[in-house]
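Enquirer: A single structure is presented below for examination.
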Amino acid sequence: MISIQQISKRFRLRGGKSWTKRTAPAHIQAVQAFSMEAPNGRITGLLGPNGAGKTTSLRMLGGLFPPDTGRIEVDGIEVAEQPRAALARMGILGDAHGLYPRLTARENIAYFARLQGMAPDAAQARIEALAELLDLRALLDRRSEGFSQGERMKTALARALVHDPANVVLDEPTNGLDVLATRALREVLRHLHSPAGGSKCIVFSSHIMQEVEQLCDHVIVMNHGRVVAEGSVPELLEQARATRFEDAFVRLAFHSEESHA
Amino acid sequence: MKALAASWRQFRIVLGKETVDALRDRRTLLRMMMPAVLMGPLVLFMISTLISSLEERAERREILAIGMDHAPTLRNYLERQTYTIKPAPADYEAQLRASRLLSPVLEVDAQFEDDLLHGKPAGVTIVSDSVNQRAQAGAAALRSALEGFQRERSLVAMALRGISPELLKPLDIAERDLASTQARATQLTGMVPMFIIMAVLYGALTAALDSTAGERERGSLEPLLMNPVPPMTLVAGKWGAVTLLGLAVALLSNLSFLSGQVLIRNDELQAMFHFGWIEVLRCFLLELPLACSMSALLMAVAIRTKTFKEAQTSSTLIMTLIGLAPMVTLMNPGAEAPWYFWVPGLGQNALMMLVLKGESLPLAKVLPSVLSGLGLTLLGLSLVAQSMRRAVAQ
């Protein structure tokens, strides 16, 4: 279970530096009083246009940097206080998910398994199981150097899931994937959140409506660092008085902007 | 205690992965090892060939001269000193200037014999080129041969006038060279430590950049940091692998000087240059602080850059400064100042010179290099640990 309460983050803007003129540092409010509850056994979608603050929020969830205000809890553990205990309970497939090109897929996954504290034998057994689930078997002993976008993503996903975390966080995982790979990923996520897959808490961010519509039980629409709407897909349709989810999204994300302005 | 054990285990996992990763980069590894392995034999071969040719020239006792026919007395003297006199080529000036002629040329004035008979100073000129080093070396020998002639002439002249020759020699000059044979050899092998220091740096360079800036460029640093591992443990593991690589290349370079001795083409030098297993071991131990601190420093510089290429540019300064630090000894040859031992690169150079000279290594000289190495290592590692988080937060 992931619980985010009222987090905010402000970044100092870089660039445009001038040697002669001293300009006041510019800031950008990336996330503003963002809250989210993601219980176990549910796929929570984070939907928003590019630059809405999705990635920043998820990176704070991963403990890469602390929020300016607010708290983040993972299974009751506060990320700011016990970052390592919280990280052990999460599997995160972030925005950046580079692999080590000179290591095989198996070695890439095993490295993270070992860092998560798994014994070598347990790590190997888990890799075999994940290879089955993600259809990775043919890749396992190849160096990741020449992997396609989809193969790379699958390996990175296996790496994030290797310690069998109760909470799975995926930041725009379908970027650059073809139809088949996207469909396969969807199946895997459906399996993971079902009781057979361990009733995991899954947080999934995307800027593509169709994906969120097809996959998520609960959707949080974000723009300009704020939550602008929340609910299941039918609830959101009703809220926006639309029949197509795309219309609903545009109305919720961008029209609220006008009312804010 | 339990946390410490977990940290140690994670350190070993990171160390193992980074070492395997670096060793798999065959092309870089080869590019790094070739110079390290070949440098020793190549340098020793070249130095010894140069020395041999100098000695050979000195032993040949040849004098190139112009107008020697005007000076039969001088010719007689020089031939008694077992010199062979040869006519110089016609365009000797041009040849000397172009370093094609490697001996100085003696020009004898036309009225040399006449002047000598009449007790007037007889003129000779030594023609050399101060840029032409080998001719310059020969010029000193030629001058001393001519001074011998001068001394003999004046002694004979004085003796004929009934003056004791001893009056003409108020000084009895003797020379005693305090340098041991090994110390003399280091004049020639002084560049050996510099090559070894370079090997340490180049061995560590690629791994240091790849495990920091390379990791950022690939986008693998962010997922790595989202593992429950303390940042310092992560950094220490990476640093351990980088240091191991630097040391491995340094060891190869040490061994290359050991095996390169076979190629020394000069018997005397071969007898003097003493670089055995003990010296290899001592040099290797002295390089330890350097490898540790430079690995940490290179990583600290590289983590601040976003790409491998950018990191290469910013590491150039360190590579140049440390690699060329031994040059300082050229400005102040012979003596080593106490502060040398505190400076990475310079300190190791001075210490390895002591090893090559066969002198002892007092603690007062070794300790500063160890302390400064340790300090720089800790500083570099904490910088990397700090910057790593900041790097992904941008």
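Chain labels A, B, ... are given in the sequence in which chains occur in the structure tokens; within each chain residues are numbered consecutively from 1, and ligands are likewise numbered from 1 in the order shown.
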What's around Leu297 (chain B) at 6 Å? Count only C-alpha atoms, leave out sequence neighbours fewer than 3 positions away in its own chain, and write the answer as a PDB file with C-alpha atoms, in the first residue's frame.
Expert:
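Generated output (out08.pdb):
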ATOM      1  CA  MET B 294      43.383   8.894  -8.034  1.00  0.00           C
ATOM      2  CA  ALA B 300      34.502  12.585  -8.115  1.00  0.00           C
ATOM      3  CA  GLY B 380      36.851  11.906  -3.245  1.00  0.00           C
TER       4      GLY B 380
END
Enquirer: Would you mind listing what lies within 7 Å of region 194-201 of chain A as a list of chain:residue names, with only C-alpha atoms counted and same-chain residues fewer than 2 positions away left out?
Expert: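 Contacts, with the query itself left out: A:Met1, A:Ala38, A:Pro39, A:Asn40, A:Gly41, A:Arg42, A:Ile43, A:Ala166, A:Asn167, A:Val168, A:Arg190, A:His191, A:Leu192, A:Val203.
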Enquirer: With only C-alpha atoms considered, list every residue of chain B at most 8 Å from chain A, as a PyMOL selection string.
Expert: chain B and resi 10+13+17+21+24-25+218-230+389+392-393
Enquirer: Take the selection from the previous step and output its residues with C-alpha atoms, as a tab-separated table (two decimals), in the first residue's frame.
Expert:
chain	number	residue	atom	x	y	z
B	10	GLN	CA	26.75	-5.31	-0.62
B	13	ILE	CA	28.48	-7.50	-4.74
B	17	LYS	CA	29.83	-6.59	-10.70
B	21	ASP	CA	31.80	-5.22	-16.21
B	24	ARG	CA	34.39	-7.42	-20.31
B	25	ASP	CA	35.28	-4.19	-22.05
B	218	ARG	CA	23.05	4.96	-19.75
B	219	GLY	CA	20.30	5.84	-17.29
B	220	SER	CA	21.25	3.00	-14.99
B	221	LEU	CA	22.27	5.16	-12.04
B	222	GLU	CA	18.71	6.00	-11.07
B	223	PRO	CA	17.49	2.40	-10.79
B	224	LEU	CA	20.71	1.48	-9.03
B	225	LEU	CA	20.08	4.11	-6.36
B	226	MET	CA	16.60	2.73	-5.81
B	227	ASN	CA	18.06	-0.38	-4.24
B	228	PRO	CA	18.25	-0.47	-0.45
B	229	VAL	CA	22.00	0.14	-0.35
B	230	PRO	CA	23.70	2.98	1.56
B	389	ARG	CA	22.12	11.70	-5.35
B	392	VAL	CA	19.74	11.87	-10.39
B	393	ALA	CA	17.70	14.64	-8.79
Enquirer: Name all residues at most 8 Å from region 128-135 of chain B (count only C-alpha atoms; drop same-chain ones fewer than 2 positions away) and give them as an NGL selection string.
Expert: :B and (54 or 96-99 or 101-105 or 126 or 137-139)
Enquirer: Could you turn the residues from that selection into a file that holds N, CA and C atoms, as a tab-separated table (two decimals), in the first residue's frame?
Expert:
chain	number	residue	atom	x	y	z
B	54	LEU	N	76.80	6.60	-27.25
B	54	LEU	CA	77.65	7.65	-26.68
B	54	LEU	C	79.00	7.06	-26.26
B	96	LEU	N	76.60	19.43	-38.91
B	96	LEU	CA	76.48	19.57	-37.45
B	96	LEU	C	75.16	20.22	-37.09
B	97	ARG	N	74.81	21.23	-37.86
B	97	ARG	CA	73.59	21.96	-37.56
B	97	ARG	C	72.38	21.05	-37.71
B	98	ALA	N	72.43	20.15	-38.69
B	98	ALA	CA	71.30	19.25	-38.92
B	98	ALA	C	71.40	17.99	-38.08
B	99	SER	N	72.36	17.95	-37.17
B	99	SER	CA	72.57	16.78	-36.30
B	99	SER	C	72.85	15.51	-37.10
B	101	LEU	N	76.01	15.04	-38.33
B	101	LEU	CA	77.38	14.74	-37.88
B	101	LEU	C	77.34	14.76	-36.36
B	102	LEU	N	77.79	13.68	-35.73
B	102	LEU	CA	77.61	13.57	-34.28
B	102	LEU	C	78.90	13.79	-33.50
B	103	SER	N	79.93	14.29	-34.16
B	103	SER	CA	81.18	14.62	-33.45
B	103	SER	C	81.54	16.06	-33.75
B	104	PRO	N	82.22	16.71	-32.81
B	104	PRO	CA	82.66	18.08	-33.08
B	104	PRO	C	83.82	18.06	-34.08
B	105	VAL	N	84.12	19.21	-34.65
B	105	VAL	CA	85.21	19.29	-35.62
B	105	VAL	C	86.25	20.28	-35.12
B	126	ILE	N	87.13	24.76	-31.81
B	126	ILE	CA	86.27	23.56	-31.70
B	126	ILE	C	84.91	23.95	-32.25
B	137	ALA	N	78.66	16.59	-26.39
B	137	ALA	CA	79.34	15.69	-25.46
B	137	ALA	C	80.77	15.43	-25.94
B	138	GLY	N	80.94	15.26	-27.25
B	138	GLY	CA	82.26	15.02	-27.81
B	138	GLY	C	83.15	16.25	-27.67
B	139	ALA	N	82.56	17.43	-27.69
B	139	ALA	CA	83.34	18.66	-27.61
B	139	ALA	C	84.10	18.74	-26.29
Enquirer: Skip Leu363 (chain B) itself and residues of its chain fewer than 4 positions away, then list as a list in words all residues within 12 Å of it, counting only C-alpha atoms.
Expert: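 In the requested format, the answer is Leu286, Phe341, Leu351, Leu367, Pro368, Ser369, Val370 and Leu371 of chain B.
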Enquirer: Please produce a file of the residues just selected, as an mmCIF file, in the first residue's frame, where the atoms kept are N, CA and C atoms.
Expert:
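result-v3.cif was written with the following content:
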data_model
loop_
_atom_site.group_PDB
_atom_site.id
_atom_site.type_symbol
_atom_site.label_atom_id
_atom_site.label_comp_id
_atom_site.auth_asym_id
_atom_site.auth_seq_id
_atom_site.Cartn_x
_atom_site.Cartn_y
_atom_site.Cartn_z
ATOM 1 N N LEU B 286 54.218 1.145 -3.021
ATOM 2 C CA LEU B 286 54.243 2.606 -3.007
ATOM 3 C C LEU B 286 53.138 3.190 -3.883
ATOM 4 N N PHE B 341 56.831 14.688 -0.979
ATOM 5 C CA PHE B 341 56.224 13.422 -0.566
ATOM 6 C C PHE B 341 54.738 13.558 -0.262
ATOM 7 N N LEU B 351 59.706 8.541 -4.241
ATOM 8 C CA LEU B 351 59.887 7.300 -3.486
ATOM 9 C C LEU B 351 60.406 6.173 -4.387
ATOM 10 N N LEU B 367 55.355 7.906 4.905
ATOM 11 C CA LEU B 367 54.114 8.252 5.604
ATOM 12 C C LEU B 367 53.351 9.414 4.962
ATOM 13 N N PRO B 368 54.031 10.513 4.579
ATOM 14 C CA PRO B 368 53.257 11.610 3.961
ATOM 15 C C PRO B 368 52.471 11.165 2.740
ATOM 16 N N SER B 369 53.078 10.332 1.903
ATOM 17 C CA SER B 369 52.363 9.926 0.684
ATOM 18 C C SER B 369 51.169 9.042 1.035
ATOM 19 N N VAL B 370 51.322 8.230 2.083
ATOM 20 C CA VAL B 370 50.198 7.387 2.509
ATOM 21 C C VAL B 370 49.074 8.256 3.071
ATOM 22 N N LEU B 371 49.461 9.230 3.918
ATOM 23 C CA LEU B 371 48.448 10.085 4.553
ATOM 24 C C LEU B 371 47.709 10.927 3.521
#
Enquirer: Contacts of region 206-212 of chain A at 12 Å or less, counting only C-alpha atoms, minus same-chain residues fewer than 3 places along, as a ChimeraX atom specification?
Expert: /A:43-55,58,94-95,169-175,179,182-183,185-187,189,203,215-223,232-233,244-250,253
Enquirer: For the selection you just gave me, I'd like the residues written to a file as a compact mmCIF listing (two decimals), in the first residue's frame, keeping N, CA and C atoms.
Expert:
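The resulting out_37.txt:
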# COMPACT_ATOMS: atom_id res chain seq x y z
N ILE A 43 -4.90 -1.49 -9.43
CA ILE A 43 -3.98 -0.77 -10.32
C ILE A 43 -4.40 0.69 -10.32
N THR A 44 -3.53 1.53 -9.78
CA THR A 44 -3.83 2.94 -9.70
C THR A 44 -3.12 3.64 -10.85
N GLY A 45 -3.88 4.34 -11.67
CA GLY A 45 -3.27 5.02 -12.82
C GLY A 45 -3.03 6.48 -12.52
N LEU A 46 -1.91 6.96 -12.98
CA LEU A 46 -1.57 8.36 -12.81
C LEU A 46 -1.54 8.93 -14.22
N LEU A 47 -2.55 9.70 -14.55
CA LEU A 47 -2.69 10.17 -15.93
C LEU A 47 -2.47 11.68 -15.96
N GLY A 48 -1.68 12.11 -16.92
CA GLY A 48 -1.44 13.55 -17.02
C GLY A 48 -0.60 13.83 -18.24
N PRO A 49 -0.68 15.04 -18.76
CA PRO A 49 0.16 15.38 -19.92
C PRO A 49 1.62 15.43 -19.51
N ASN A 50 2.50 15.54 -20.51
CA ASN A 50 3.93 15.67 -20.21
C ASN A 50 4.15 16.89 -19.34
N GLY A 51 4.99 16.72 -18.32
CA GLY A 51 5.30 17.85 -17.45
C GLY A 51 4.26 18.10 -16.38
N ALA A 52 3.37 17.11 -16.15
CA ALA A 52 2.33 17.31 -15.14
C ALA A 52 2.84 17.09 -13.73
N GLY A 53 4.05 16.49 -13.60
CA GLY A 53 4.59 16.21 -12.27
C GLY A 53 4.53 14.74 -11.89
N LYS A 54 4.18 13.88 -12.86
CA LYS A 54 4.07 12.45 -12.55
C LYS A 54 5.43 11.86 -12.17
N THR A 55 6.41 12.09 -13.05
CA THR A 55 7.74 11.51 -12.81
C THR A 55 8.35 12.06 -11.53
N LEU A 58 6.83 10.30 -8.58
CA LEU A 58 7.25 8.91 -8.44
C LEU A 58 8.72 8.82 -8.02
N GLY A 94 11.57 3.03 -13.30
CA GLY A 94 11.52 4.49 -13.42
C GLY A 94 11.57 4.95 -14.86
N ASP A 95 11.61 6.25 -14.96
CA ASP A 95 11.72 6.93 -16.24
C ASP A 95 13.00 6.49 -16.94
N VAL A 169 5.81 0.09 -8.88
CA VAL A 169 5.63 1.45 -9.39
C VAL A 169 6.22 1.51 -10.79
N LEU A 170 5.41 1.91 -11.78
CA LEU A 170 5.89 1.94 -13.16
C LEU A 170 5.66 3.33 -13.73
N ASP A 171 6.76 3.95 -14.17
CA ASP A 171 6.65 5.29 -14.72
C ASP A 171 6.69 5.22 -16.24
N GLU A 172 5.58 5.47 -16.88
CA GLU A 172 5.46 5.42 -18.34
C GLU A 172 6.15 4.20 -18.95
N PRO A 173 5.76 3.00 -18.53
CA PRO A 173 6.50 1.81 -18.99
C PRO A 173 6.27 1.52 -20.47
N THR A 174 5.20 2.05 -21.06
CA THR A 174 4.90 1.67 -22.44
C THR A 174 5.55 2.59 -23.46
N ASN A 175 6.30 3.58 -23.00
CA ASN A 175 6.99 4.48 -23.93
C ASN A 175 7.88 3.68 -24.88
N VAL A 179 2.77 -2.65 -30.16
CA VAL A 179 1.46 -3.11 -29.70
C VAL A 179 1.55 -4.41 -28.92
N THR A 182 3.16 -3.97 -25.51
CA THR A 182 2.26 -3.26 -24.62
C THR A 182 1.19 -4.19 -24.09
N ARG A 183 0.67 -4.99 -25.00
CA ARG A 183 -0.37 -5.94 -24.62
C ARG A 183 0.16 -6.95 -23.61
N LEU A 185 2.63 -6.54 -21.55
CA LEU A 185 2.85 -5.86 -20.28
C LEU A 185 1.54 -5.73 -19.52
N ARG A 186 0.49 -5.41 -20.25
CA ARG A 186 -0.82 -5.25 -19.63
C ARG A 186 -1.25 -6.56 -18.96
N GLU A 187 -1.01 -7.67 -19.67
CA GLU A 187 -1.37 -8.97 -19.11
C GLU A 187 -0.61 -9.23 -17.81
N LEU A 189 0.65 -7.07 -15.71
CA LEU A 189 0.19 -6.21 -14.62
C LEU A 189 -1.16 -6.69 -14.09
N VAL A 203 1.14 1.01 -9.11
CA VAL A 203 0.96 2.41 -9.52
C VAL A 203 1.56 2.54 -10.91
N LEU A 215 -6.58 -0.44 -18.37
CA LEU A 215 -5.85 -1.18 -17.33
C LEU A 215 -6.23 -0.79 -15.90
N CYS A 216 -6.50 0.50 -15.69
CA CYS A 216 -6.52 0.95 -14.30
C CYS A 216 -7.90 0.86 -13.66
N ASP A 217 -7.88 0.46 -12.37
CA ASP A 217 -9.12 0.41 -11.60
C ASP A 217 -9.47 1.80 -11.11
N HIS A 218 -8.44 2.56 -10.86
CA HIS A 218 -8.63 3.86 -10.25
C HIS A 218 -7.68 4.82 -10.97
N VAL A 219 -8.17 5.98 -11.36
CA VAL A 219 -7.34 6.90 -12.13
C VAL A 219 -7.23 8.24 -11.41
N ILE A 220 -6.01 8.75 -11.36
CA ILE A 220 -5.79 10.08 -10.81
C ILE A 220 -5.32 10.96 -11.95
N VAL A 221 -6.07 11.99 -12.27
CA VAL A 221 -5.69 12.88 -13.37
C VAL A 221 -4.91 14.04 -12.79
N MET A 222 -3.73 14.26 -13.37
CA MET A 222 -2.81 15.28 -12.84
C MET A 222 -2.52 16.32 -13.91
N ASN A 223 -2.38 17.55 -13.49
CA ASN A 223 -1.82 18.56 -14.37
C ASN A 223 -1.23 19.67 -13.51
N SER A 232 -12.82 6.07 -10.71
CA SER A 232 -12.73 5.00 -11.70
C SER A 232 -13.05 5.61 -13.06
N VAL A 233 -12.80 4.83 -14.12
CA VAL A 233 -13.03 5.37 -15.46
C VAL A 233 -14.50 5.80 -15.64
N ARG A 244 -16.61 9.60 -24.31
CA ARG A 244 -15.29 9.05 -24.64
C ARG A 244 -14.31 9.48 -23.57
N PHE A 245 -13.43 8.53 -23.20
CA PHE A 245 -12.50 8.82 -22.12
C PHE A 245 -11.54 9.95 -22.50
N GLU A 246 -11.20 9.98 -23.81
CA GLU A 246 -10.28 11.03 -24.26
C GLU A 246 -10.88 12.42 -24.02
N ASP A 247 -12.16 12.55 -24.36
CA ASP A 247 -12.83 13.83 -24.13
C ASP A 247 -12.84 14.16 -22.65
N ALA A 248 -13.12 13.13 -21.86
CA ALA A 248 -13.16 13.34 -20.42
C ALA A 248 -11.82 13.83 -19.91
N PHE A 249 -10.76 13.19 -20.39
CA PHE A 249 -9.41 13.56 -19.94
C PHE A 249 -9.09 15.00 -20.30
N VAL A 250 -9.35 15.35 -21.58
CA VAL A 250 -9.04 16.71 -22.03
C VAL A 250 -9.83 17.72 -21.21
N ALA A 253 -8.37 17.62 -17.49
CA ALA A 253 -6.99 18.08 -17.29
C ALA A 253 -6.82 19.51 -17.73
Enquirer: Got a sec: who's within 9 Å of Gln111 (chain B), counting only C-alpha atoms, leaving out chain neighbours fewer than 6 positions off, as a PDB file with N, CA and C atoms, in the first residue's frame?
Expert:
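File written: out_14.pdb
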ATOM      1  N   HIS B  70      98.677  21.525 -40.935  1.00  0.00           N
ATOM      2  CA  HIS B  70      99.426  22.703 -40.470  1.00  0.00           C
ATOM      3  C   HIS B  70      99.968  22.490 -39.068  1.00  0.00           C
ATOM      4  N   ALA B  71      99.650  21.387 -38.401  1.00  0.00           N
ATOM      5  CA  ALA B  71     100.029  21.244 -36.992  1.00  0.00           C
ATOM      6  C   ALA B  71     100.600  19.857 -36.704  1.00  0.00           C
ATOM      7  N   ALA B 122      98.848  29.602 -30.363  1.00  0.00           N
ATOM      8  CA  ALA B 122      98.438  29.057 -31.655  1.00  0.00           C
ATOM      9  C   ALA B 122      96.938  28.825 -31.641  1.00  0.00           C
ATOM     10  N   GLY B 123      96.301  29.145 -32.745  1.00  0.00           N
ATOM     11  CA  GLY B 123      94.831  29.119 -32.747  1.00  0.00           C
ATOM     12  C   GLY B 123      94.231  27.803 -33.212  1.00  0.00           C
TER      13      GLY B 123
END
Enquirer: Could you please determine the separation between CA of Met327 (chain B) and CA of Tyr340 (chain B) in Å, to one decimal place?
Expert: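 Atom-to-atom, CA of Met327 (chain B) to CA of Tyr340 (chain B), that is 11.6 Å.
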